[in-house]
Structures are given as C-alpha cells and as structure tokens.
file query.txt (compact mmCIF, N, CA and C atoms and all ligand atoms)
# COMPACT_ATOMS: atom_id res chain seq x y z
N MET F 1 -11.68 -2.54 2.57
CA MET F 1 -10.91 -2.33 1.36
C MET F 1 -10.89 -0.85 1.06
N LEU F 2 -9.75 -0.35 0.72
CA LEU F 2 -9.59 1.06 0.38
C LEU F 2 -8.80 1.15 -0.92
N HIS F 3 -9.43 1.72 -1.93
CA HIS F 3 -8.78 1.87 -3.23
C HIS F 3 -8.28 3.30 -3.37
N THR F 4 -7.03 3.46 -3.76
CA THR F 4 -6.46 4.80 -3.94
C THR F 4 -5.65 4.87 -5.23
N HIS F 5 -5.33 6.10 -5.58
CA HIS F 5 -4.35 6.39 -6.63
C HIS F 5 -3.21 7.15 -5.95
N SER F 6 -2.71 6.55 -4.90
CA SER F 6 -1.69 7.14 -4.04
C SER F 6 -0.48 7.58 -4.87
N PRO F 7 -0.18 8.88 -4.90
CA PRO F 7 0.82 9.39 -5.85
C PRO F 7 2.20 8.75 -5.75
N ALA F 8 2.70 8.53 -4.56
CA ALA F 8 4.04 7.95 -4.44
C ALA F 8 4.06 6.46 -4.78
N VAL F 9 2.90 5.82 -4.69
CA VAL F 9 2.81 4.38 -4.97
C VAL F 9 2.59 4.13 -6.46
N LEU F 10 1.92 5.04 -7.13
CA LEU F 10 1.56 4.82 -8.54
C LEU F 10 2.73 4.37 -9.43
N PRO F 11 3.92 4.94 -9.29
CA PRO F 11 5.00 4.47 -10.18
C PRO F 11 5.27 2.96 -10.06
N TYR F 12 5.02 2.40 -8.89
CA TYR F 12 5.25 0.96 -8.71
C TYR F 12 4.17 0.12 -9.39
N CYS F 13 3.18 0.81 -9.94
CA CYS F 13 2.13 0.13 -10.72
C CYS F 13 2.51 0.00 -12.18
N PHE F 14 3.59 0.65 -12.59
CA PHE F 14 3.96 0.57 -14.01
C PHE F 14 5.46 0.40 -14.25
N VAL F 15 6.24 0.18 -13.22
CA VAL F 15 7.66 -0.15 -13.39
C VAL F 15 7.89 -1.57 -12.89
N ASP F 16 9.06 -2.12 -13.23
CA ASP F 16 9.31 -3.50 -12.80
C ASP F 16 10.06 -3.59 -11.47
N THR F 17 10.21 -2.47 -10.79
CA THR F 17 10.81 -2.47 -9.45
C THR F 17 9.73 -2.80 -8.43
N PRO F 18 9.92 -3.87 -7.67
CA PRO F 18 8.88 -4.22 -6.69
C PRO F 18 8.84 -3.25 -5.52
N LEU F 19 7.64 -3.04 -5.01
CA LEU F 19 7.46 -2.22 -3.81
C LEU F 19 7.68 -3.12 -2.61
N ARG F 20 8.79 -2.90 -1.92
CA ARG F 20 9.18 -3.72 -0.77
C ARG F 20 9.44 -2.81 0.42
N PRO F 21 9.29 -3.33 1.63
CA PRO F 21 9.47 -2.48 2.81
C PRO F 21 10.94 -2.13 3.08
N VAL F 22 11.15 -0.87 3.43
CA VAL F 22 12.49 -0.38 3.75
C VAL F 22 12.59 0.24 5.14
N THR F 23 11.45 0.43 5.81
CA THR F 23 11.47 0.94 7.18
C THR F 23 10.49 0.11 8.03
N HIS F 24 10.59 0.27 9.34
CA HIS F 24 9.70 -0.47 10.23
C HIS F 24 8.23 -0.20 9.96
N MET F 25 7.89 1.03 9.53
CA MET F 25 6.49 1.38 9.32
C MET F 25 5.90 0.68 8.09
N GLY F 26 6.76 0.14 7.26
CA GLY F 26 6.29 -0.57 6.07
C GLY F 26 6.26 -2.07 6.23
N ALA F 27 6.53 -2.55 7.44
CA ALA F 27 6.61 -4.00 7.65
C ALA F 27 5.31 -4.71 7.29
N PHE F 28 4.18 -4.01 7.43
CA PHE F 28 2.89 -4.65 7.13
C PHE F 28 2.79 -5.08 5.67
N ILE F 29 3.63 -4.50 4.81
CA ILE F 29 3.61 -4.82 3.38
C ILE F 29 3.96 -6.29 3.15
N GLY F 30 4.80 -6.82 4.01
CA GLY F 30 5.30 -8.17 3.76
C GLY F 30 6.53 -8.09 2.88
N GLU F 31 6.93 -9.19 2.29
CA GLU F 31 8.17 -9.21 1.51
C GLU F 31 8.10 -8.32 0.28
N SER F 32 6.98 -8.27 -0.39
CA SER F 32 6.77 -7.34 -1.50
C SER F 32 5.29 -7.29 -1.83
N VAL F 33 4.90 -6.24 -2.51
CA VAL F 33 3.50 -6.04 -2.84
C VAL F 33 3.19 -6.75 -4.16
N PRO F 34 2.18 -7.61 -4.19
CA PRO F 34 1.82 -8.23 -5.46
C PRO F 34 1.21 -7.21 -6.42
N VAL F 35 1.35 -7.49 -7.69
CA VAL F 35 0.79 -6.62 -8.72
C VAL F 35 -0.23 -7.42 -9.54
N TYR F 36 -1.44 -6.89 -9.61
CA TYR F 36 -2.47 -7.51 -10.45
C TYR F 36 -2.30 -7.00 -11.87
N GLU F 37 -2.05 -7.90 -12.80
CA GLU F 37 -1.87 -7.53 -14.21
C GLU F 37 -3.14 -7.91 -14.97
N ILE F 38 -3.95 -6.90 -15.27
CA ILE F 38 -5.23 -7.13 -15.93
C ILE F 38 -5.05 -7.77 -17.31
N ARG F 39 -3.93 -7.49 -17.96
CA ARG F 39 -3.70 -8.03 -19.30
C ARG F 39 -3.60 -9.55 -19.33
N ASP F 40 -3.22 -10.14 -18.19
CA ASP F 40 -3.02 -11.59 -18.17
C ASP F 40 -4.28 -12.36 -18.55
N LYS F 41 -5.43 -11.89 -18.11
CA LYS F 41 -6.68 -12.60 -18.41
C LYS F 41 -7.62 -11.83 -19.31
N HIS F 42 -7.46 -10.51 -19.38
CA HIS F 42 -8.45 -9.69 -20.07
C HIS F 42 -7.88 -8.94 -21.28
N GLY F 43 -6.64 -9.22 -21.64
CA GLY F 43 -6.06 -8.61 -22.84
C GLY F 43 -5.58 -7.19 -22.63
N ASP F 44 -5.17 -6.56 -23.73
CA ASP F 44 -4.56 -5.22 -23.64
C ASP F 44 -5.45 -4.12 -24.21
N GLU F 45 -6.77 -4.37 -24.18
CA GLU F 45 -7.69 -3.32 -24.65
C GLU F 45 -8.72 -2.96 -23.59
N THR F 46 -8.42 -3.24 -22.32
CA THR F 46 -9.36 -2.88 -21.24
C THR F 46 -9.21 -1.41 -20.88
N ASP F 47 -10.15 -0.92 -20.05
CA ASP F 47 -10.06 0.46 -19.56
C ASP F 47 -9.22 0.55 -18.29
N LEU F 48 -8.67 -0.59 -17.84
CA LEU F 48 -7.83 -0.68 -16.63
C LEU F 48 -8.61 -0.38 -15.35
N PHE F 49 -9.91 -0.26 -15.46
CA PHE F 49 -10.72 0.21 -14.35
C PHE F 49 -10.93 -0.83 -13.27
N GLY F 50 -11.23 -2.04 -13.65
CA GLY F 50 -11.44 -3.09 -12.65
C GLY F 50 -12.81 -3.09 -12.05
N GLY F 51 -13.80 -2.54 -12.74
CA GLY F 51 -15.14 -2.43 -12.18
C GLY F 51 -16.00 -3.67 -12.34
N SER F 52 -15.61 -4.61 -13.15
CA SER F 52 -16.46 -5.79 -13.37
C SER F 52 -16.23 -6.82 -12.26
N PRO F 53 -17.24 -7.63 -11.98
CA PRO F 53 -17.07 -8.67 -10.95
C PRO F 53 -15.91 -9.62 -11.27
N ASP F 54 -15.71 -9.93 -12.54
CA ASP F 54 -14.60 -10.82 -12.91
C ASP F 54 -13.26 -10.21 -12.52
N VAL F 55 -13.08 -8.96 -12.84
CA VAL F 55 -11.80 -8.29 -12.53
C VAL F 55 -11.62 -8.15 -11.03
N CYS F 56 -12.71 -7.81 -10.33
CA CYS F 56 -12.62 -7.70 -8.86
C CYS F 56 -12.20 -9.04 -8.24
N ALA F 57 -12.75 -10.12 -8.77
CA ALA F 57 -12.39 -11.45 -8.25
C ALA F 57 -10.92 -11.74 -8.53
N ASP F 58 -10.46 -11.34 -9.71
CA ASP F 58 -9.05 -11.55 -10.05
C ASP F 58 -8.13 -10.73 -9.14
N ILE F 59 -8.54 -9.50 -8.84
CA ILE F 59 -7.75 -8.65 -7.94
C ILE F 59 -7.67 -9.29 -6.56
N ALA F 60 -8.80 -9.79 -6.08
CA ALA F 60 -8.81 -10.45 -4.76
C ALA F 60 -7.91 -11.68 -4.78
N GLU F 61 -7.91 -12.41 -5.88
CA GLU F 61 -7.03 -13.58 -5.98
C GLU F 61 -5.56 -13.15 -5.97
N SER F 62 -5.25 -12.07 -6.65
CA SER F 62 -3.87 -11.57 -6.66
C SER F 62 -3.44 -11.09 -5.28
N LEU F 63 -4.38 -10.54 -4.54
CA LEU F 63 -4.09 -10.07 -3.18
C LEU F 63 -3.62 -11.22 -2.31
N GLY F 64 -4.29 -12.37 -2.45
CA GLY F 64 -3.93 -13.52 -1.62
C GLY F 64 -3.97 -13.16 -0.15
N GLY F 65 -2.90 -13.44 0.58
CA GLY F 65 -2.84 -13.12 1.99
C GLY F 65 -2.15 -11.80 2.29
N SER F 66 -1.90 -11.00 1.24
CA SER F 66 -1.20 -9.72 1.43
C SER F 66 -2.14 -8.65 1.98
N THR F 67 -1.55 -7.55 2.39
CA THR F 67 -2.33 -6.42 2.91
C THR F 67 -2.62 -5.38 1.84
N VAL F 68 -1.96 -5.53 0.70
CA VAL F 68 -2.11 -4.56 -0.37
C VAL F 68 -1.79 -5.24 -1.70
N VAL F 69 -2.47 -4.81 -2.74
CA VAL F 69 -2.15 -5.27 -4.09
C VAL F 69 -2.17 -4.05 -5.00
N LEU F 70 -1.23 -4.01 -5.92
CA LEU F 70 -1.20 -2.93 -6.90
C LEU F 70 -1.95 -3.38 -8.14
N MET F 71 -2.68 -2.47 -8.74
CA MET F 71 -3.35 -2.74 -10.01
C MET F 71 -2.48 -2.11 -11.10
N ALA F 72 -1.94 -2.93 -11.98
CA ALA F 72 -1.01 -2.43 -12.99
C ALA F 72 -1.61 -1.24 -13.75
N ARG F 73 -0.83 -0.17 -13.81
CA ARG F 73 -1.16 1.06 -14.53
C ARG F 73 -2.47 1.70 -14.06
N HIS F 74 -2.86 1.45 -12.79
CA HIS F 74 -4.09 2.02 -12.28
C HIS F 74 -3.97 2.54 -10.85
N GLY F 75 -3.75 1.69 -9.87
CA GLY F 75 -3.77 2.17 -8.50
C GLY F 75 -3.53 1.08 -7.48
N VAL F 76 -4.09 1.28 -6.31
CA VAL F 76 -3.77 0.48 -5.15
C VAL F 76 -5.05 -0.02 -4.48
N VAL F 77 -5.02 -1.24 -3.99
CA VAL F 77 -6.09 -1.77 -3.15
C VAL F 77 -5.46 -2.19 -1.83
N ASN F 78 -5.85 -1.49 -0.76
CA ASN F 78 -5.40 -1.81 0.60
C ASN F 78 -6.52 -2.56 1.31
N VAL F 79 -6.17 -3.50 2.16
CA VAL F 79 -7.18 -4.17 2.97
C VAL F 79 -6.76 -4.12 4.44
N GLY F 80 -7.74 -4.31 5.30
CA GLY F 80 -7.49 -4.33 6.73
C GLY F 80 -8.70 -4.87 7.46
N ASN F 81 -8.54 -5.09 8.74
CA ASN F 81 -9.64 -5.63 9.54
C ASN F 81 -10.56 -4.56 10.10
N SER F 82 -10.22 -3.30 9.88
CA SER F 82 -11.05 -2.19 10.35
C SER F 82 -10.75 -0.97 9.48
N VAL F 83 -11.62 0.03 9.60
CA VAL F 83 -11.38 1.28 8.87
C VAL F 83 -10.05 1.89 9.32
N ARG F 84 -9.83 1.87 10.63
CA ARG F 84 -8.58 2.43 11.15
C ARG F 84 -7.36 1.73 10.56
N GLU F 85 -7.42 0.42 10.53
CA GLU F 85 -6.26 -0.32 10.04
C GLU F 85 -6.02 -0.06 8.55
N VAL F 86 -7.07 -0.02 7.76
CA VAL F 86 -6.87 0.16 6.33
C VAL F 86 -6.40 1.58 6.02
N VAL F 87 -6.89 2.57 6.78
CA VAL F 87 -6.41 3.95 6.59
C VAL F 87 -4.94 4.05 7.00
N PHE F 88 -4.61 3.45 8.12
CA PHE F 88 -3.22 3.43 8.60
C PHE F 88 -2.30 2.83 7.52
N ARG F 89 -2.71 1.71 6.98
CA ARG F 89 -1.90 1.05 5.96
C ARG F 89 -1.78 1.90 4.69
N ALA F 90 -2.87 2.50 4.27
CA ALA F 90 -2.80 3.33 3.06
C ALA F 90 -1.86 4.51 3.27
N PHE F 91 -1.94 5.13 4.45
CA PHE F 91 -1.07 6.27 4.75
C PHE F 91 0.40 5.83 4.73
N TYR F 92 0.70 4.74 5.43
CA TYR F 92 2.10 4.34 5.52
C TYR F 92 2.61 3.65 4.26
N LEU F 93 1.73 3.14 3.43
CA LEU F 93 2.17 2.64 2.12
C LEU F 93 2.70 3.81 1.29
N GLU F 94 1.99 4.92 1.33
CA GLU F 94 2.45 6.13 0.62
C GLU F 94 3.82 6.57 1.15
N GLN F 95 3.97 6.59 2.47
CA GLN F 95 5.25 6.99 3.07
C GLN F 95 6.37 6.02 2.67
N GLU F 96 6.05 4.74 2.67
CA GLU F 96 7.06 3.73 2.35
C GLU F 96 7.49 3.84 0.90
N ALA F 97 6.54 4.09 0.01
CA ALA F 97 6.88 4.24 -1.40
C ALA F 97 7.77 5.46 -1.60
N LYS F 98 7.48 6.56 -0.90
CA LYS F 98 8.33 7.75 -0.98
C LYS F 98 9.74 7.43 -0.52
N ALA F 99 9.86 6.73 0.60
CA ALA F 99 11.18 6.39 1.14
C ALA F 99 11.94 5.48 0.18
N LEU F 100 11.27 4.48 -0.36
CA LEU F 100 11.94 3.56 -1.29
C LEU F 100 12.38 4.30 -2.55
N THR F 101 11.52 5.12 -3.11
CA THR F 101 11.87 5.86 -4.32
C THR F 101 13.08 6.76 -4.06
N ALA F 102 13.10 7.43 -2.93
CA ALA F 102 14.24 8.29 -2.58
C ALA F 102 15.49 7.45 -2.42
N GLY F 103 15.38 6.32 -1.75
CA GLY F 103 16.53 5.46 -1.54
C GLY F 103 17.10 4.90 -2.83
N LEU F 104 16.23 4.55 -3.76
CA LEU F 104 16.69 4.00 -5.05
C LEU F 104 17.55 5.01 -5.82
N GLN F 105 17.36 6.28 -5.53
CA GLN F 105 18.11 7.31 -6.23
C GLN F 105 19.50 7.55 -5.65
N ILE F 106 19.71 7.08 -4.41
CA ILE F 106 21.00 7.38 -3.78
C ILE F 106 21.87 6.18 -3.47
N GLY F 107 21.36 4.97 -3.60
CA GLY F 107 22.22 3.84 -3.31
C GLY F 107 21.53 2.50 -3.34
N LYS F 108 22.32 1.48 -2.99
CA LYS F 108 21.78 0.12 -2.94
C LYS F 108 20.87 -0.01 -1.72
N ILE F 109 19.71 -0.62 -1.93
CA ILE F 109 18.70 -0.72 -0.87
C ILE F 109 18.95 -1.93 0.02
N LYS F 110 18.84 -1.72 1.31
CA LYS F 110 18.82 -2.81 2.27
C LYS F 110 17.38 -2.93 2.76
N TYR F 111 16.65 -3.86 2.15
CA TYR F 111 15.24 -4.05 2.49
C TYR F 111 15.12 -4.71 3.87
N LEU F 112 13.94 -4.63 4.46
CA LEU F 112 13.68 -5.34 5.71
C LEU F 112 13.88 -6.83 5.49
N SER F 113 14.43 -7.50 6.47
CA SER F 113 14.59 -8.95 6.41
C SER F 113 13.25 -9.60 6.77
N PRO F 114 13.07 -10.87 6.46
CA PRO F 114 11.82 -11.55 6.86
C PRO F 114 11.57 -11.46 8.37
N GLY F 115 12.63 -11.57 9.17
CA GLY F 115 12.47 -11.47 10.61
C GLY F 115 12.05 -10.07 11.04
N GLU F 116 12.63 -9.05 10.41
CA GLU F 116 12.24 -7.67 10.73
C GLU F 116 10.80 -7.40 10.31
N ILE F 117 10.41 -7.96 9.18
CA ILE F 117 9.02 -7.79 8.72
C ILE F 117 8.06 -8.36 9.76
N LYS F 118 8.38 -9.52 10.25
CA LYS F 118 7.51 -10.18 11.22
C LYS F 118 7.47 -9.41 12.55
N THR F 119 8.63 -9.08 13.07
CA THR F 119 8.70 -8.45 14.39
C THR F 119 8.22 -7.00 14.35
N ALA F 120 8.68 -6.23 13.39
CA ALA F 120 8.27 -4.83 13.30
C ALA F 120 6.79 -4.73 12.94
N GLY F 121 6.30 -5.67 12.15
CA GLY F 121 4.89 -5.66 11.79
C GLY F 121 3.99 -5.74 13.01
N LYS F 122 4.38 -6.55 13.98
CA LYS F 122 3.59 -6.67 15.21
C LYS F 122 3.63 -5.38 16.00
N LEU F 123 4.81 -4.79 16.13
CA LEU F 123 4.97 -3.56 16.90
C LEU F 123 4.19 -2.41 16.28
N VAL F 124 4.37 -2.23 14.98
CA VAL F 124 3.70 -1.12 14.31
C VAL F 124 2.20 -1.34 14.28
N GLY F 125 1.75 -2.57 14.12
CA GLY F 125 0.32 -2.86 14.12
C GLY F 125 -0.35 -2.42 15.41
N ALA F 126 0.41 -2.42 16.49
CA ALA F 126 -0.15 -1.99 17.77
C ALA F 126 -0.28 -0.47 17.86
N GLN F 127 0.24 0.26 16.87
CA GLN F 127 0.22 1.72 16.89
C GLN F 127 -0.95 2.32 16.08
N ILE F 128 -1.81 1.48 15.57
CA ILE F 128 -2.88 1.95 14.69
C ILE F 128 -3.77 2.97 15.38
N ASP F 129 -4.19 2.70 16.59
CA ASP F 129 -5.08 3.65 17.29
C ASP F 129 -4.35 4.96 17.57
N ARG F 130 -3.08 4.89 17.87
CA ARG F 130 -2.30 6.11 18.12
C ARG F 130 -2.31 7.01 16.88
N GLY F 131 -2.06 6.41 15.72
CA GLY F 131 -2.09 7.17 14.47
C GLY F 131 -3.47 7.75 14.20
N TRP F 132 -4.49 6.92 14.38
CA TRP F 132 -5.87 7.36 14.13
C TRP F 132 -6.22 8.54 15.04
N ASN F 133 -5.85 8.43 16.33
CA ASN F 133 -6.16 9.50 17.28
C ASN F 133 -5.43 10.78 16.92
N HIS F 134 -4.19 10.66 16.48
CA HIS F 134 -3.41 11.84 16.07
C HIS F 134 -4.07 12.53 14.87
N TRP F 135 -4.43 11.73 13.86
CA TRP F 135 -5.05 12.33 12.67
C TRP F 135 -6.40 12.94 13.00
N SER F 136 -7.16 12.28 13.88
CA SER F 136 -8.47 12.81 14.28
C SER F 136 -8.31 14.14 15.01
N GLN F 137 -7.30 14.21 15.89
CA GLN F 137 -7.04 15.45 16.62
C GLN F 137 -6.68 16.59 15.66
N ARG F 138 -5.86 16.28 14.69
CA ARG F 138 -5.48 17.31 13.71
C ARG F 138 -6.70 17.81 12.93
N LEU F 139 -7.60 16.90 12.60
CA LEU F 139 -8.83 17.29 11.88
C LEU F 139 -9.72 18.14 12.77
N ARG F 140 -9.81 17.77 14.07
CA ARG F 140 -10.61 18.59 15.00
C ARG F 140 -10.02 19.99 15.12
N GLU F 141 -8.70 20.06 15.24
CA GLU F 141 -8.04 21.36 15.36
C GLU F 141 -8.24 22.22 14.11
N ALA F 142 -8.37 21.56 12.99
CA ALA F 142 -8.60 22.28 11.73
C ALA F 142 -10.07 22.60 11.51
N GLY F 143 -10.91 22.15 12.46
CA GLY F 143 -12.35 22.40 12.35
C GLY F 143 -13.04 21.51 11.34
N LEU F 144 -12.43 20.41 11.00
CA LEU F 144 -13.00 19.52 9.99
C LEU F 144 -13.75 18.35 10.61
N LEU F 145 -13.69 18.21 11.92
CA LEU F 145 -14.45 17.17 12.61
C LEU F 145 -15.30 17.79 13.70
ZN ZN I 1 -9.03 3.67 -9.38
call {"tool": "encode", "arguments": {"input": "query.txt", "output": "structure tokens"}}
result
Amino acid sequence: MLHTHSPAVLPYCFVDTPLRPVTHMGAFIGESVPVYEIRDKHGDETDLFGGSPDVCADIAESLGGSTVVLMARHGVVNVGNSVREVVFRAFYLEQEAKALTAGLQIGKIKYLSPGEIKTAGKLVGAQIDRGWNHWSQRLREAGLL
C-alpha cells in the first residue's frame, strides 16, 4: 500500500468528475477509481486523516478489487503485489490524472473501453520491471543510490 497526496490526482478527490483511464498506461485503474467518502459513516467533522482502524477498514472496503482508491478531500491509496508494482502504479496514476485533466480542457474524452482496459492492462503490467530499472538507473546516475 502506498499513500500519496499526488498533485495531479488530488483534484479528483474533491470534484465529481471520476478519474478514469484515457491512455494505455492507465489501464490498471480499471473503469474508474473509487472514492472513499469519510462523511458517509463518520460525519462532517473529521480531520479527514484516516488514521483510525475503523477508517482504514472503511478505505479497504471502498478499494474492493481496485488498484487504487481516492480518499475524499485527502489523497490516494495505491495497492500492488510488490513495491515495484505499487510505485509503478502511483507514478502512472499521476501521469494519467495529468492527461485526463488536460483532455477535459480541450474536448470530449474518449475513455479506454473495457476491452482496452483488460488488454492494455496486461501489456503494461509486464513493463513494471522496465520502469523500475529505468528509475533506479536515473537515481544511480544522480548519485542517489
Ligand atoms: Zn495523507
């Protein structure tokens, strides 16, 4: 699990436009990203933090079988089967949100179809190590690893 306040994704935590995939790299998102609304069970006077076991359980329930869930007015929870996979997903969720936000400003969106989500998701999922190796190399070149 990787929790972020990913800047390009944050607006989708407080607007009613769903975060849906628009490119092959976002296929892992599925049809749309669920949003956990803390107000539904805990009212409108919480700190929006989600630190209590009750809230964490609710977030996990909202996640369901998805790869990511948005926390309303707070941030993002990404999941994966490995550190590499969850980092890959967090990185490309940010890219996908940027692409969708840009697209919404210039025209009608043609989202990925269910078939494209399924097929592209398999292809892109196979690229996780490639992305990880590229980022690791960049960090080594920068003297950070
Ligand atoms: Zn947070």
call {"tool": "residues_around", "arguments": {"input": "query.txt", "residues": "segment 32-42 of chain F", "least_positions_apart": "3", "cutoff": "8 Å", "atoms": "all atoms listed in the file", "output": "list in words"}}
result
Tyr12, Cys13, Pro18, Leu19, Arg20, Pro21, Ile29, Glu45, Thr46, Leu48, Val55, Asp58, Ile59, Glu61, Ser62, Leu63, Gly64, Ser66, Thr67, Val68, Val69, Leu70, Met71, Ala72 and Arg73 of chain F
call {"tool": "residues_near_ligand", "arguments": {"input": "query.txt", "ligand": "ligand ZN 1 (chain I)", "cutoff": "8 Å", "atoms": "only C-alpha atoms and all ligand atoms", "output": "PyMOL selection string"}}
result
chain F and resi 3-5+49-50+74-76
call {"tool": "write_last_selection", "arguments": {"input": "query.txt", "atoms": "N, CA and C atoms", "output": "PDB file, in the coordinates of the input"}}
result
ATOM      1  N   HIS F   3      -9.430   1.720  -1.930  1.00  0.00           N
ATOM      2  CA  HIS F   3      -8.780   1.870  -3.230  1.00  0.00           C
ATOM      3  C   HIS F   3      -8.280   3.300  -3.370  1.00  0.00           C
ATOM      4  N   THR F   4      -7.030   3.460  -3.760  1.00  0.00           N
ATOM      5  CA  THR F   4      -6.460   4.800  -3.940  1.00  0.00           C
ATOM      6  C   THR F   4      -5.650   4.870  -5.230  1.00  0.00           C
ATOM      7  N   HIS F   5      -5.330   6.100  -5.580  1.00  0.00           N
ATOM      8  CA  HIS F   5      -4.350   6.390  -6.630  1.00  0.00           C
ATOM      9  C   HIS F   5      -3.210   7.150  -5.950  1.00  0.00           C
ATOM     10  N   PHE F  49      -9.910  -0.260 -15.460  1.00  0.00           N
ATOM     11  CA  PHE F  49     -10.720   0.210 -14.350  1.00  0.00           C
ATOM     12  C   PHE F  49     -10.930  -0.830 -13.270  1.00  0.00           C
ATOM     13  N   GLY F  50     -11.230  -2.040 -13.650  1.00  0.00           N
ATOM     14  CA  GLY F  50     -11.440  -3.090 -12.650  1.00  0.00           C
ATOM     15  C   GLY F  50     -12.810  -3.090 -12.050  1.00  0.00           C
ATOM     16  N   HIS F  74      -2.860   1.450 -12.790  1.00  0.00           N
ATOM     17  CA  HIS F  74      -4.090   2.020 -12.280  1.00  0.00           C
ATOM     18  C   HIS F  74      -3.970   2.540 -10.850  1.00  0.00           C
ATOM     19  N   GLY F  75      -3.750   1.690  -9.870  1.00  0.00           N
ATOM     20  CA  GLY F  75      -3.770   2.170  -8.500  1.00  0.00           C
ATOM     21  C   GLY F  75      -3.530   1.080  -7.480  1.00  0.00           C
ATOM     22  N   VAL F  76      -4.090   1.280  -6.310  1.00  0.00           N
ATOM     23  CA  VAL F  76      -3.770   0.480  -5.150  1.00  0.00           C
ATOM     24  C   VAL F  76      -5.050  -0.020  -4.480  1.00  0.00           C
TER      25      VAL F  76
END
call {"tool": "select_by_dssp", "arguments": {"input": "query.txt", "residues": "segment 6-144 of chain F", "states": "strand (DSSP E or B)", "output": "PyMOL selection string"}}
result
chain F and resi 35-36+68-71+75-78
call {"tool": "atom_distance", "arguments": {"input": "query.txt", "atom1": "atom N of Arg89 of chain F", "atom2": "atom N of Asp47 of chain F"}}
result
28.2 Å
call {"tool": "atom_distance", "arguments": {"input": "query.txt", "atom1": "atom C of Asp129 of chain F", "atom2": "atom CA of Tyr111 of chain F"}}
result
26.3 Å
call {"tool": "select_by_dssp", "arguments": {"input": "query.txt", "residues": "chain F", "states": "alpha helix (DSSP H)", "output": "ChimeraX atom specification"}}
result
/F:39-42,53-63,83-106,114-125,128-141
call {"tool": "atom_distance", "arguments": {"input": "query.txt", "atom1": "atom CA of Gly30 of chain F", "atom2": "atom CA of Ser113 of chain F"}}
result
9.7 Å
call {"tool": "closest_residue", "arguments": {"input": "query.txt", "among": "F:Ala97, F:Val22, F:Val79, F:Ala142", "to": "Ser6 of chain F", "atoms": "only C-alpha atoms"}}
result
F:Ala97
call {"tool": "residues_around", "arguments": {"input": "query.txt", "residues": "segment 132-140 of chain F", "least_positions_apart": "3", "cutoff": "8 Å", "atoms": "all atoms listed in the file", "output": "list in words"}}
result
Arg84, Glu85, Val87, Phe88, Gln127, Ile128, Asp129, Gly143, Leu144 and Leu145 of chain F
call {"tool": "closest_residue", "arguments": {"input": "query.txt", "among": "F:Gly107, F:Phe14, F:Met25, F:Asn81", "to": "Gln95 of chain F", "atoms": "all atoms listed in the file"}}
result
F:Met25
call {"tool": "decode", "arguments": {"input": "query.txt", "residues": "segment 9-45 of chain F", "atoms": "C-alpha atoms", "output": "short mmCIF file (atom, residue, chain, number, x, y, z; two decimals), in the first residue's frame"}}
result
data_model
loop_
_atom_site.label_atom_id
_atom_site.label_comp_id
_atom_site.auth_asym_id
_atom_site.auth_seq_id
_atom_site.Cartn_x
_atom_site.Cartn_y
_atom_site.Cartn_z
CA VAL F 9 -4.67 13.28 -8.67
CA LEU F 10 -5.76 15.45 -5.74
CA PRO F 11 -8.41 17.40 -7.69
CA TYR F 12 -10.22 14.11 -8.36
CA CYS F 13 -10.55 13.77 -4.58
CA PHE F 14 -12.84 16.78 -4.37
CA VAL F 15 -14.63 17.13 -7.73
CA ASP F 16 -17.42 14.98 -9.11
CA THR F 17 -15.50 14.06 -12.28
CA PRO F 18 -14.39 10.44 -11.99
CA LEU F 19 -10.77 9.52 -12.56
CA ARG F 20 -10.92 7.11 -15.50
CA PRO F 21 -8.21 5.78 -17.79
CA VAL F 22 -7.51 7.66 -21.03
CA THR F 23 -4.24 6.04 -22.16
CA HIS F 24 -2.81 2.53 -22.20
CA MET F 25 -0.59 3.32 -19.20
CA GLY F 26 -3.66 3.97 -17.09
CA ALA F 27 -5.39 0.69 -17.89
CA PHE F 28 -4.52 -0.68 -14.43
CA ILE F 29 -7.01 1.84 -12.99
CA GLY F 30 -9.93 -0.16 -14.29
CA GLU F 31 -13.15 1.51 -15.37
CA SER F 32 -12.86 4.26 -12.74
CA VAL F 33 -11.23 4.92 -9.41
CA PRO F 34 -13.50 4.51 -6.38
CA VAL F 35 -13.69 7.37 -3.91
CA TYR F 36 -13.85 6.75 -0.16
CA GLU F 37 -16.18 9.34 1.38
CA ILE F 38 -15.37 9.59 5.08
CA ARG F 39 -18.53 11.63 5.71
CA ASP F 40 -20.75 8.66 4.87
CA LYS F 41 -20.01 6.89 8.15
CA HIS F 42 -18.06 9.38 10.25
CA GLY F 43 -19.84 12.69 9.65
CA ASP F 44 -18.52 16.05 8.51
CA GLU F 45 -16.35 16.97 11.49
#
